[in-house]
Each structure stands twice: as C-alpha cells, then as structure tokens.
file upload_37.tsv (TSV, C-alpha atoms)
chain	number	residue	atom	x	y	z
P	1	MET	CA	0.00	0.00	0.00
P	2	LYS	CA	1.32	3.41	-0.90
P	3	LYS	CA	2.02	5.59	2.12
P	4	GLU	CA	0.10	8.84	2.22
P	5	ASP	CA	3.27	10.94	2.48
P	6	THR	CA	5.13	9.16	-0.34
P	7	LEU	CA	4.76	12.08	-2.74
P	8	ILE	CA	6.37	14.50	-0.31
P	9	LEU	CA	9.07	12.01	0.67
P	10	GLU	CA	9.96	11.41	-2.98
P	11	LYS	CA	10.10	15.13	-3.63
P	12	CYS	CA	11.87	16.36	-0.47
P	13	GLY	CA	13.09	13.40	1.57
P	14	ASN	CA	12.98	13.56	5.36
P	15	ARG	CA	16.48	14.78	6.08
P	16	ARG	CA	16.63	17.59	8.61
P	17	PRO	CA	17.80	20.68	6.72
P	18	PHE	CA	19.16	22.26	9.91
P	19	THR	CA	22.62	22.15	11.42
P	20	THR	CA	24.10	23.22	14.75
P	21	PRO	CA	27.35	24.93	15.73
P	22	GLU	CA	30.28	22.52	15.72
P	23	GLY	CA	30.49	20.39	18.85
P	24	TYR	CA	27.15	21.66	20.09
P	25	PHE	CA	25.83	18.23	21.10
P	26	ASP	CA	29.17	17.23	22.63
P	27	ASN	CA	28.93	19.97	25.23
P	28	LEU	CA	25.14	20.12	25.52
P	29	THR	CA	24.75	17.95	28.62
P	30	ALA	CA	27.49	19.82	30.49
P	31	ASN	CA	26.05	23.20	29.47
P	32	ILE	CA	22.53	22.26	30.57
P	33	MET	CA	23.76	20.84	33.88
P	34	ALA	CA	25.80	23.98	34.53
P	35	ALA	CA	22.73	26.16	33.99
P	36	LEU	CA	20.56	24.31	36.53
P	37	PRO	CA	19.77	26.11	39.77
P	38	GLU	CA	20.95	24.55	43.03
P	39	ILE	CA	18.64	22.20	44.87
P	40	GLN	CA	16.63	24.14	47.42
P	41	HIS	CA	15.81	22.28	50.60
P	42	GLU	CA	13.15	23.67	52.86
P	43	LYS	CA	14.73	23.70	56.31
P	44	PRO	CA	12.37	22.75	59.15
P	45	ALA	CA	11.76	25.74	61.38
P	46	LYS	CA	14.02	25.60	64.46
P	47	VAL	CA	12.01	25.75	67.69
P	48	THR	CA	13.83	27.97	70.21
P	49	PRO	CA	12.63	28.98	73.70
P	50	TRP	CA	11.87	32.39	72.22
P	51	THR	CA	9.65	30.79	69.53
P	52	ARG	CA	7.60	29.11	72.23
P	53	MET	CA	7.49	32.18	74.49
P	54	LYS	CA	6.90	34.90	71.94
P	55	VAL	CA	3.14	34.35	71.64
P	56	TRP	CA	2.73	34.90	75.36
P	57	VAL	CA	5.13	37.86	75.36
P	58	TYR	CA	3.17	39.50	72.53
P	59	ALA	CA	-0.13	38.86	74.32
P	60	ALA	CA	1.19	40.29	77.58
P	61	ALA	CA	2.59	43.34	75.77
P	62	SER	CA	-0.81	43.90	74.14
P	63	PHE	CA	-2.61	43.78	77.49
P	64	ILE	CA	-0.11	46.15	79.09
P	65	GLY	CA	-0.47	48.52	76.15
P	66	MET	CA	-4.25	48.43	76.34
P	67	PHE	CA	-4.11	49.02	80.11
P	68	PHE	CA	-1.98	52.14	79.64
P	69	ILE	CA	-4.14	53.47	76.82
P	70	ILE	CA	-7.36	53.02	78.80
P	71	ASN	CA	-5.78	54.36	81.97
P	72	THR	CA	-4.47	57.45	80.19
P	73	ALA	CA	-7.83	58.03	78.47
P	74	VAL	CA	-9.66	57.80	81.78
P	75	SER	CA	-7.25	60.15	83.55
P	76	LEU	CA	-7.47	62.69	80.74
P	77	THR	CA	-11.27	62.71	80.73
P	78	ASP	CA	-11.66	62.49	84.51
P	79	GLY	CA	-14.33	64.99	85.66
P	80	LYS	CA	-14.87	66.44	82.19
P	81	TYR	CA	-17.63	64.10	81.18
P	82	ASP	CA	-19.39	63.45	84.47
P	83	VAL	CA	-22.55	61.50	83.73
P	84	LYS	CA	-24.54	63.42	86.29
P	85	THR	CA	-23.59	66.77	84.86
P	86	ALA	CA	-24.14	65.54	81.33
P	87	GLU	CA	-27.77	64.81	82.04
P	88	ALA	CA	-30.41	67.50	81.83
P	89	PRO	CA	-30.56	69.30	85.14
P	90	SER	CA	-33.54	68.15	87.14
P	91	GLN	CA	-35.73	70.53	89.06
P	92	VAL	CA	-34.61	70.94	92.68
P	93	TYR	CA	-37.21	71.06	95.46
P	94	SER	CA	-36.57	71.90	99.06
P	95	ASP	CA	-37.32	69.32	101.77
P	96	GLU	CA	-39.97	71.57	103.24
P	97	TYR	CA	-41.78	71.77	99.94
P	98	ILE	CA	-41.77	68.00	99.51
P	99	GLU	CA	-43.02	67.37	103.05
P	100	SER	CA	-45.93	69.84	102.67
P	101	PHE	CA	-46.69	68.33	99.25
P	102	PHE	CA	-47.09	64.84	100.68
P	103	GLU	CA	-49.18	66.10	103.55
P	104	THR	CA	-51.66	67.82	101.26
P	105	ALA	CA	-51.56	65.46	98.28
P	106	MET	CA	-52.45	62.37	100.30
P	107	VAL	CA	-49.74	60.30	98.55
P	108	ASP	CA	-48.61	57.09	100.26
P	109	GLU	CA	-45.10	55.64	100.07
P	110	TYR	CA	-46.04	53.03	97.47
P	111	THR	CA	-47.44	55.65	95.07
P	112	LEU	CA	-44.33	57.71	95.59
P	113	TYR	CA	-42.16	54.67	94.79
P	114	CYS	CA	-44.13	54.03	91.59
P	115	SER	CA	-43.80	57.64	90.62
P	116	LEU	CA	-40.04	57.66	91.15
P	117	THR	CA	-39.42	54.33	89.41
P	118	ASN	CA	-41.86	55.04	86.59
P	119	THR	CA	-43.72	51.77	87.14
P	120	GLY	CA	-47.26	53.01	86.69
P	121	GLY	CA	-50.30	53.66	88.88
P	122	PHE	CA	-49.50	57.30	89.48
P	123	ASN	CA	-50.73	59.17	86.45
P	124	HIS	CA	-52.77	61.35	88.75
P	125	LEU	CA	-49.57	62.91	90.10
M	1	MET	CA	24.71	2.19	28.02
M	2	ALA	CA	20.94	1.88	27.64
M	3	PHE	CA	18.72	4.22	29.60
M	4	ASP	CA	17.30	2.36	32.61
M	5	GLU	CA	14.19	4.36	33.48
M	6	LYS	CA	13.40	2.43	36.65
M	7	LYS	CA	16.89	2.89	38.05
M	8	VAL	CA	16.92	6.59	37.13
M	9	ILE	CA	13.61	7.16	38.94
M	10	GLU	CA	14.99	5.39	42.02
M	11	MET	CA	18.04	7.65	41.93
M	12	LEU	CA	15.82	10.73	41.63
M	13	ARG	CA	14.19	9.75	44.95
M	14	ALA	CA	17.58	9.32	46.69
M	15	ASP	CA	20.06	11.90	48.01
M	16	ASP	CA	21.10	15.09	46.18
M	17	ALA	CA	24.19	13.59	44.55
M	18	SER	CA	22.21	10.65	43.14
M	19	LYS	CA	19.46	12.98	42.01
M	20	SER	CA	21.96	15.14	40.15
M	21	ARG	CA	23.57	12.09	38.50
M	22	ALA	CA	20.15	10.74	37.47
M	23	PHE	CA	19.17	14.08	35.97
M	24	GLU	CA	22.43	14.24	34.04
M	25	GLU	CA	21.57	10.83	32.61
M	26	ILE	CA	18.16	12.17	31.59
M	27	VAL	CA	19.71	15.21	29.91
M	28	ARG	CA	22.26	13.05	28.08
M	29	THR	CA	19.56	10.70	26.81
M	30	PHE	CA	16.85	13.14	25.75
M	31	SER	CA	18.43	16.52	25.03
M	32	GLU	CA	19.21	15.88	21.37
M	33	GLN	CA	15.78	14.57	20.37
M	34	LEU	CA	14.09	17.37	22.31
M	35	TYR	CA	16.36	19.90	20.63
M	36	TRP	CA	15.30	18.74	17.15
M	37	GLN	CA	11.64	18.76	18.09
M	38	ILE	CA	11.96	22.35	19.30
M	39	ARG	CA	14.19	23.39	16.41
M	40	HIS	CA	11.65	22.23	13.82
M	41	MET	CA	9.09	24.48	15.48
M	42	VAL	CA	11.14	27.65	16.00
M	43	TYR	CA	13.73	27.25	13.15
M	44	SER	CA	16.44	29.31	14.85
M	45	HIS	CA	19.25	27.47	16.66
M	46	ASP	CA	19.59	30.14	19.36
M	47	ASP	CA	15.87	30.06	20.16
M	48	ALA	CA	15.88	26.25	20.21
M	49	ASN	CA	18.90	26.22	22.52
M	50	ASP	CA	17.25	28.69	24.94
M	51	LEU	CA	13.99	26.74	24.94
M	52	LEU	CA	15.84	23.48	25.55
M	53	GLN	CA	17.66	25.02	28.53
M	54	ASN	CA	14.35	26.31	29.90
M	55	THR	CA	12.78	22.89	29.42
M	56	PHE	CA	15.43	21.19	31.52
M	57	ILE	CA	15.44	23.93	34.14
M	58	LYS	CA	11.66	23.52	34.54
M	59	ALA	CA	12.02	19.75	34.68
M	60	TRP	CA	14.76	20.06	37.33
M	61	GLN	CA	12.72	22.48	39.42
M	62	ASN	CA	9.72	20.15	39.32
M	63	ILE	CA	11.57	16.85	39.51
M	64	ASP	CA	10.11	16.06	42.95
M	65	SER	CA	6.59	16.31	41.55
M	66	PHE	CA	7.35	13.73	38.85
M	67	GLN	CA	5.39	10.73	40.06
M	68	GLY	CA	6.45	8.27	37.38
M	69	TYR	CA	2.90	7.76	36.07
M	70	SER	CA	4.15	8.60	32.58
M	71	LYS	CA	7.52	7.94	30.96
M	72	ILE	CA	10.26	10.50	31.60
M	73	SER	CA	10.45	11.18	27.86
M	74	THR	CA	6.71	11.92	27.72
M	75	TRP	CA	6.99	14.28	30.66
M	76	LEU	CA	9.95	16.11	29.10
M	77	TYR	CA	8.27	16.35	25.69
M	78	ARG	CA	5.22	17.90	27.33
M	79	ILE	CA	7.33	20.53	29.07
M	80	ALA	CA	9.25	21.23	25.84
M	81	ILE	CA	6.04	21.53	23.82
M	82	ASN	CA	4.48	23.90	26.33
M	83	GLU	CA	7.61	26.04	26.41
M	84	THR	CA	7.77	26.08	22.60
M	85	LEU	CA	4.11	26.93	22.06
M	86	THR	CA	4.28	29.69	24.67
M	87	PHE	CA	7.35	31.09	22.90
M	88	ILE	CA	5.71	30.92	19.44
M	89	ASN	CA	2.54	32.63	20.68
M	90	ARG	CA	4.60	35.36	22.32
M	91	GLN	CA	6.58	35.85	19.12
M	92	LYS	CA	3.39	35.97	17.06
M	93	ALA	CA	1.90	38.59	19.37
M	94	ILE	CA	5.03	40.73	18.97
M	95	GLN	CA	5.26	40.25	15.20
M	96	THR	CA	1.55	40.84	14.57
M	97	VAL	CA	2.11	44.41	15.69
M	98	ALA	CA	4.64	44.89	12.88
M	99	ILE	CA	3.33	42.64	10.11
M	100	ASP	CA	0.15	40.75	9.38
M	101	ASP	CA	1.64	37.32	8.71
M	102	PRO	CA	4.48	36.25	11.05
M	103	ASP	CA	5.58	33.48	8.65
M	104	VAL	CA	5.76	35.76	5.65
M	105	ASN	CA	9.53	36.27	5.99
M	106	LEU	CA	10.44	32.67	6.79
M	107	ASP	CA	12.25	32.26	3.47
M	108	GLU	CA	14.42	35.28	4.30
M	109	ARG	CA	15.06	33.92	7.77
M	110	LEU	CA	16.06	30.50	6.45
M	111	GLU	CA	18.26	31.94	3.71
M	112	GLY	CA	20.06	34.14	6.21
M	113	ASP	CA	20.39	31.38	8.80
M	114	PRO	CA	23.95	29.97	8.91
M	115	TYR	CA	22.57	26.77	10.44
M	116	PHE	CA	20.12	26.02	7.62
M	117	ASP	CA	21.63	23.90	4.88
M	118	GLY	CA	18.52	22.82	2.98
M	119	ASN	CA	18.17	22.97	-0.79
M	120	GLU	CA	15.34	24.85	-2.53
M	121	THR	CA	12.85	21.98	-2.21
M	122	GLU	CA	13.64	21.48	1.48
M	123	GLU	CA	13.19	25.19	2.04
M	124	GLN	CA	9.83	25.01	0.27
M	125	LEU	CA	8.87	22.09	2.50
M	126	GLN	CA	9.69	24.18	5.58
M	127	GLN	CA	7.59	27.01	4.12
M	128	ALA	CA	4.71	24.59	3.59
M	129	ILE	CA	5.02	23.18	7.13
M	130	ALA	CA	5.03	26.73	8.53
M	131	THR	CA	1.54	27.28	7.07
M	132	LEU	CA	0.09	24.51	9.28
M	133	PRO	CA	-1.47	25.21	12.68
M	134	GLU	CA	1.03	24.60	15.54
M	135	LYS	CA	-0.31	21.26	16.73
M	136	GLN	CA	-0.64	19.90	13.19
M	137	ARG	CA	2.88	21.10	12.54
M	138	MET	CA	4.10	19.27	15.61
M	139	VAL	CA	2.32	16.06	14.57
M	140	PHE	CA	3.76	16.34	11.07
M	141	ASN	CA	7.34	16.91	12.32
M	142	MET	CA	7.15	14.05	14.82
M	143	LYS	CA	5.86	11.64	12.20
M	144	TYR	CA	7.68	12.81	9.11
M	145	PHE	CA	11.16	13.65	10.43
M	146	ASP	CA	11.35	11.63	13.66
M	147	GLU	CA	9.18	8.72	12.43
M	148	MET	CA	7.58	8.59	15.85
M	149	LYS	CA	4.85	6.03	16.52
M	150	TYR	CA	1.30	7.36	16.83
M	151	GLU	CA	1.00	5.64	20.23
M	152	ASP	CA	3.99	7.58	21.59
M	153	MET	CA	2.71	10.81	20.08
M	154	SER	CA	-0.66	10.15	21.66
M	155	GLU	CA	0.94	9.94	25.11
M	156	ILE	CA	2.95	13.11	24.62
M	157	LEU	CA	0.25	15.26	23.05
M	158	GLY	CA	-2.71	13.81	24.97
M	159	THR	CA	-4.61	13.21	21.72
M	160	SER	CA	-6.14	9.96	20.51
M	161	VAL	CA	-4.31	7.89	17.89
M	162	GLY	CA	-7.27	8.32	15.52
M	163	ALA	CA	-7.20	12.10	15.83
M	164	LEU	CA	-3.42	12.14	15.26
M	165	LYS	CA	-3.75	10.02	12.12
M	166	ALA	CA	-6.43	12.39	10.84
M	167	SER	CA	-4.26	15.39	11.70
M	168	TYR	CA	-1.26	13.93	9.85
M	169	HIS	CA	-3.42	13.08	6.84
M	170	ILE	CA	-4.74	16.65	6.66
M	171	ALA	CA	-1.22	18.07	7.08
M	172	VAL	CA	0.08	15.92	4.21
M	173	LYS	CA	-2.79	17.06	1.97
M	174	LYS	CA	-2.14	20.71	2.78
M	175	ILE	CA	1.57	20.36	2.02
M	176	GLU	CA	0.80	18.60	-1.28
M	177	ASP	CA	-1.59	21.41	-2.17
M	178	TYR	CA	1.13	23.92	-1.31
M	179	PHE	CA	3.52	22.24	-3.76
M	180	ASN	CA	0.79	21.90	-6.41
M	181	ASN	CA	0.17	25.63	-6.21
M	182	LEU	CA	3.88	26.31	-6.68
M	183	ASP	CA	4.04	24.15	-9.85
call {"tool": "encode", "arguments": {"input": "upload_37.tsv", "output": "structure tokens"}}
result
Amino acid sequence: MKKEDTLILEKCGNRRPFTTPEGYFDNLTANIMAALPEIQHEKPAKVTPWTRMKVWVYAAASFIGMFFIINTAVSLTDGKYDVKTAEAPSQVYSDEYIESFFETAMVDEYTLYCSLTNTGGFNHL
Amino acid sequence: MAFDEKKVIEMLRADDASKSRAFEEIVRTFSEQLYWQIRHMVYSHDDANDLLQNTFIKAWQNIDSFQGYSKISTWLYRIAINETLTFINRQKAIQTVAIDDPDVNLDERLEGDPYFDGNETEEQLQQAIATLPEKQRMVFNMKYFDEMKYEDMSEILGTSVGALKASYHIAVKKIEDYFNNLD
C-alpha cells in the first residue's frame, strides 16, 4: 500500500535541513547541567525557647499597652464628662416643699415609689 | 549504556548527589531529540537552545513532583512543547504588531540562517510546514522527520491515535496542495 506521504518524501526526503554549531551536542549535557539552579531544601523551622514564648510575650505586651491606653484616656477625661452633669438638670425642690406636698396630696409611700421608678399607677400625680 | 528508566527514577528519589547524576543521565539521553523537536518548530538554533535550557530547568525544578505515572520522555516532551508553544505565541503577538503574517519572511530567515543547509525543495517544505497550525505542525514533524509512533505521540500530546492520524493526513494534503500551487 502506498504511504500517504510518499509524494512529499519522494520530492523532499525527510532529512533535517538544519545544522548546529560545531560540537554543540558534545557539550550540551554539560552546558545544561551547569545552567541548573541549586537544589533548594526547605529547612524545618528551628524551635527555640523564644519561639515558644513569643506568643505569650506578645499577648502580655498587648494587654499592658491596652491598660496604659485606657488608663491614660480615663485620667485625661476624669471629671470632664461626668454622667450626672451631662444629664439635663432636674428641678430641685426643698425638703420643706416635699413634706408639705405629701401632707396635702395624700400620697402614700407606694405611690411615691411608683412615681419615682416610673412603674405606673400614678398618672394622677 | 541503555537508559534504565526504573533505576533513574529510584536515583531521583535518593540523596542530592544521586538525584543530580540521574538528571544528568536524563539530559544526556533526551536533550538531542528534544532539541530537534523544538528546532523544527522555531527554526532558529539560538531560540531552540534557549527553549531546551528552559525545558530542563523547569524539569529540574519540578523533579520532585514527577510521580512516574508517565515515561520520563513523555513528561519532558510535554514541558518542551508547552515552552515552545508559549514562545511561538509570544513571538506571534510581537510580530503581529509589525506585520500581518508572522511566517511571511520565513524564506528570508532560512536563507540568512547559517545553520540552515537545505536545498530549494527542502526550504519550500519548511515554508509549507510553517503554514500549518502549531499542533498539526508538531504532529507532522514528529511523524515525518522523527518517524515517531502514533501511540507515543498520543501519550505526549494527549490526543487519541485516531485524531493524530487524521491530523497527519490533513497536514500531508495541505503540504501537497502547497507544492501543487507552486508548480
């Protein structure tokens, strides 16, 4: 059976029409080997006392840092932002006024408690 | 001395000195055939030499990942083919900016190449091969110049034997047409 590439083979042959510099293949292996990078070995991480301790040292340093930051913030703001003074000033009544109010208003202690704690039953006040 | 694949793989798994000796054996055995495969694709000796170096450097860097599921030659051919195709595509991208057809000046390149010693017909054959798509070109070169078996080509290129036969048949027809148009 005639091979499918016979026509081309008869016309051109299958010789490689390329050449190389003289001695190229003689030195090829040596040249390739010389160009290879060195073998890299991954060294196992050495465990030193510091490696074991450093997590705790970092944690302790963080806590100390936070303590100082909070402490400084508190000392700087001390008295400036008093919660009592920040609230709306409430109306001030004298003791005499309150005593006369309870005498005339017929309010018992329970109703007074409800009024002060806002728990209902004193809408009449 | 014949290449003992099993022994070479064992040496690759051993200490650094054995690994280096085994790799040298691999280079000695396969460098020339890989060179010609690359050279037929890129034409220039300097480019083929660079790509061959890169192929072995990549193989060396990944030698520990070689599991031995395929033959060493198959593995090396695959690396070489990938390197070559990447190079050709990069060259095409550069040349397309300057000219429409990157193969248009192949005859000038071959005539000016001190390492091309083909006659007029051989030069025409190279011109005809250059018109084929890369993979078809590779199949044609492997079969026509290296007389490689379809089964071996199938392992290297990851294509079925049937598809390779069809590819070679089409390549031969295209090259015949090329010559018919010249006559």
call {"tool": "atom_distance", "arguments": {"input": "upload_37.tsv", "atom1": "CA of Pro114 in chain M", "atom2": "CA of Ser44 in chain M"}}
result
9.6 Å
call {"tool": "residues_around", "arguments": {"input": "upload_37.tsv", "residues": "Glu155 in chain M", "least_positions_apart": "2", "cutoff": "12 Å", "atoms": "only C-alpha atoms", "output": "mmCIF file with C-alpha atoms, keeping the file's coordinate frame"}}
result
data_model
loop_
_atom_site.group_PDB
_atom_site.id
_atom_site.type_symbol
_atom_site.label_atom_id
_atom_site.label_comp_id
_atom_site.auth_asym_id
_atom_site.auth_seq_id
_atom_site.Cartn_x
_atom_site.Cartn_y
_atom_site.Cartn_z
ATOM 1 C CA TYR M 69 2.900 7.760 36.070
ATOM 2 C CA SER M 70 4.150 8.600 32.580
ATOM 3 C CA LYS M 71 7.520 7.940 30.960
ATOM 4 C CA ILE M 72 10.260 10.500 31.600
ATOM 5 C CA SER M 73 10.450 11.180 27.860
ATOM 6 C CA THR M 74 6.710 11.920 27.720
ATOM 7 C CA TRP M 75 6.990 14.280 30.660
ATOM 8 C CA LEU M 76 9.950 16.110 29.100
ATOM 9 C CA TYR M 77 8.270 16.350 25.690
ATOM 10 C CA ARG M 78 5.220 17.900 27.330
ATOM 11 C CA MET M 148 7.580 8.590 15.850
ATOM 12 C CA LYS M 149 4.850 6.030 16.520
ATOM 13 C CA TYR M 150 1.300 7.360 16.830
ATOM 14 C CA GLU M 151 1.000 5.640 20.230
ATOM 15 C CA ASP M 152 3.990 7.580 21.590
ATOM 16 C CA MET M 153 2.710 10.810 20.080
ATOM 17 C CA LEU M 157 0.250 15.260 23.050
ATOM 18 C CA GLY M 158 -2.710 13.810 24.970
ATOM 19 C CA THR M 159 -4.610 13.210 21.720
ATOM 20 C CA SER M 160 -6.140 9.960 20.510
ATOM 21 C CA VAL M 161 -4.310 7.890 17.890
ATOM 22 C CA LEU M 164 -3.420 12.140 15.260
#
call {"tool": "closest_atom_pairs", "arguments": {"input": "upload_37.tsv", "of": "chain P", "to": "chain M", "cutoff": "6 Å", "atoms": "only C-alpha atoms", "output": "JSON lines"}}
result
{"residue": "P:Cys12", "atom": "CA", "partner": "M:Glu122", "partner_atom": "CA", "distance": 5.8}
{"residue": "P:Asn14", "atom": "CA", "partner": "M:Phe145", "partner_atom": "CA", "distance": 5.4}
{"residue": "P:Pro17", "atom": "CA", "partner": "M:Gly118", "partner_atom": "CA", "distance": 4.4}
{"residue": "P:Phe18", "atom": "CA", "partner": "M:Phe116", "partner_atom": "CA", "distance": 4.5}
{"residue": "P:Thr19", "atom": "CA", "partner": "M:Tyr115", "partner_atom": "CA", "distance": 4.7}
{"residue": "P:Thr20", "atom": "CA", "partner": "M:Tyr115", "partner_atom": "CA", "distance": 5.8}
{"residue": "P:Thr29", "atom": "CA", "partner": "M:Arg28", "partner_atom": "CA", "distance": 5.5}
{"residue": "P:Ile32", "atom": "CA", "partner": "M:Gln53", "partner_atom": "CA", "distance": 6.0}
{"residue": "P:Leu36", "atom": "CA", "partner": "M:Ile57", "partner_atom": "CA", "distance": 5.7}
call {"tool": "atom_distance", "arguments": {"input": "upload_37.tsv", "atom1": "CA of Leu132 in chain M", "atom2": "CA of Ser154 in chain M"}}
result
19.0 Å
call {"tool": "atom_distance", "arguments": {"input": "upload_37.tsv", "atom1": "CA of Ala22 in chain M", "atom2": "CA of Glu5 in chain M"}}
result
9.6 Å
call {"tool": "closest_residue", "arguments": {"input": "upload_37.tsv", "among": "P:Leu7, P:Ile98, P:Leu28, P:Ala59", "to": "Leu112 in chain P", "atoms": "only C-alpha atoms"}}
result
P:Ile98
call {"tool": "closest_residue", "arguments": {"input": "upload_37.tsv", "among": "M:Gln33, M:Glu10, M:Asn62, M:Ala128", "to": "Asp177 in chain M", "atoms": "all atoms listed in the file"}}
result
M:Ala128
call {"tool": "closest_residue", "arguments": {"input": "upload_37.tsv", "among": "M:Leu85, M:Ala14, M:Met41, M:Ala166", "to": "Thr131 in chain M", "atoms": "all atoms listed in the file"}}
result
M:Met41
